[in-house]
Amino acid sequence: MAPVLKRGQMTRSVYLPEGLWRPFNAGAALAGGKLHQVSFGLADVPAFARDVAIVPRAAAMQSTNDYALSPITLMCYGADGQGTFFEDDARSVDNQSGSFNKWRLEVKTGEFDARPAHLGYNAPSRLFALNCSGKSRPVTLPRT
C-alpha cells in the first residue's frame with residue numbers, strides 16, 4: 001500500500017520489491033525491483049498484491065458486527081494463486097483458545113482447492129466467490 005500524502009494527489013512514485021505485482025483493484029502487472037510512477041483516482045488508494053496471491057476481500061461495512069454474514073470474495077492475482085483464509089467471530093479473543101478456522105487456498109490451472117488447516121469455530125453460513133482474471137464464480141470452503 002502506498003499512502004497518499006498530499007490533498008488531491010493523483011500520481012505518486014511507488015517502489016515494488018522483486019517479483020511481479022498487480023494493482024489491487026485492476027490493471028496491468030508491474031515488474032518489481034524498481035520504482036514506478038502510478039496514477040489513481042481520488043477515491044482510490046494505490047495498493048498492490050504480489051502475483052499468485054489470493055487475497056480475501058469483503059464489501060465495505062459499517063461495523064464488524066456485519067462481518068460474520070458478509071460474502072467473501074477470494075481475489076486471485078494471476079492465473080494461479082496461493083493464500084490463507086482465517087475466520088473467527090471478529091469480536092472476542094476466543095481465537096486465542098482455538099476458536100477459529102483457517103484454510104490454505106490454492107488455484108492451479110483454474111481449479112480451486114481449499115484445505116482446512118484448523119477448524120475450531122462454528123461459523124455462520126456465508127457465501128464465498130473466487131475471482132480470477134475478472135471472472136467470478138461461487139466456491140465453498142470445507143467445514144469438516
# chains A, B, ... in the order shown; residues from 1 in each chain; ligands from 1
>>> closest_atom_pairs(of="region 56-104 of chain A", to="region 40-51 of chain A", cutoff="8 Å", atoms="only C-alpha atoms", output="JSON lines")
{"residue": "A:Tyr77", "atom": "CA", "partner": "A:Asp51", "partner_atom": "CA", "distance": 5.4}
{"residue": "A:Gly78", "atom": "CA", "partner": "A:Asp51", "partner_atom": "CA", "distance": 5.4}
{"residue": "A:Gly81", "atom": "CA", "partner": "A:Asp51", "partner_atom": "CA", "distance": 7.6}
>>> write_last_selection(atoms="C-alpha atoms", output="PDB file, in the first residue's frame")
ATOM      1  CA  TYR A  77      -3.912 -12.139  -8.550  1.00  0.00           C
ATOM      2  CA  GLY A  78      -2.531 -14.036 -11.548  1.00  0.00           C
ATOM      3  CA  GLY A  81      -2.529 -18.406  -6.720  1.00  0.00           C
TER       4      GLY A  81
END
>>> residues_around(residues="Glu18 (chain A)", least_positions_apart="4", cutoff="9 Å", atoms="only C-alpha atoms", output="MDAnalysis selection string")
chainID A and resid 31:34
>>> residues_around(residues="Ser70 (chain A)", least_positions_apart="2", cutoff="10 Å", atoms="only C-alpha atoms", output="PyMOL selection string")
chain A and resi 57-61+64-68+72-73+125-128
>>> atom_distance(atom1="CA of Asp89 (chain A)", atom2="CA of Val139 (chain A)")
21.1 Å
>>> residues_around(residues="Gly134 (chain A)", least_positions_apart="4", cutoff="10 Å", atoms="only C-alpha atoms", output="PyMOL selection string")
chain A and resi 26+75-77+130
>>> write_last_selection(atoms="N, CA and C atoms", output="PDB file, in the first residue's frame")
ATOM      1  N   ALA A  26      -7.365  -3.519 -10.203  1.00  0.00           N
ATOM      2  CA  ALA A  26      -7.315  -3.942 -11.619  1.00  0.00           C
ATOM      3  C   ALA A  26      -6.160  -3.240 -12.294  1.00  0.00           C
ATOM      4  N   MET A  75      -9.876 -12.985  -4.082  1.00  0.00           N
ATOM      5  CA  MET A  75      -9.293 -12.388  -5.280  1.00  0.00           C
ATOM      6  C   MET A  75      -7.974 -13.087  -5.597  1.00  0.00           C
ATOM      7  N   CYS A  76      -7.892 -13.678  -6.782  1.00  0.00           N
ATOM      8  CA  CYS A  76      -6.687 -14.360  -7.228  1.00  0.00           C
ATOM      9  C   CYS A  76      -5.927 -13.424  -8.153  1.00  0.00           C
ATOM     10  N   TYR A  77      -4.739 -13.055  -7.765  1.00  0.00           N
ATOM     11  CA  TYR A  77      -3.912 -12.139  -8.550  1.00  0.00           C
ATOM     12  C   TYR A  77      -2.934 -12.958  -9.387  1.00  0.00           C
ATOM     13  N   LEU A 130     -14.819 -16.939  -5.886  1.00  0.00           N
ATOM     14  CA  LEU A 130     -13.436 -16.846  -6.340  1.00  0.00           C
ATOM     15  C   LEU A 130     -13.424 -15.963  -7.577  1.00  0.00           C
TER      16      LEU A 130
END
>>> select_by_dssp(residues="chain A", states="strand (DSSP E)", output="PyMOL selection string")
chain A and resi 11-16+20-23+30-31+34-39+48-50+53-58+72-77+81-87+101-108+111-119+128-132+135-139
>>> closest_residue(among="A:Pro56, A:Pro124, A:Pro116, A:Gly110", to="Leu69 (chain A)", atoms="only C-alpha atoms")
A:Pro124
>>> closest_residue(among="A:Ala90, A:Ile54, A:Leu105, A:Ala28", to="Cys132 (chain A)", atoms="only C-alpha atoms")
A:Ile54
>>> closest_residue(among="A:Gln96, A:Thr109, A:Asn101, A:Asn25", to="Leu141 (chain A)", atoms="only C-alpha atoms")
A:Asn101
>>> closest_residue(among="A:Ser63, A:Ser92, A:Asn122, A:Ser133", to="Ala79 (chain A)", atoms="only C-alpha atoms")
A:Ser133
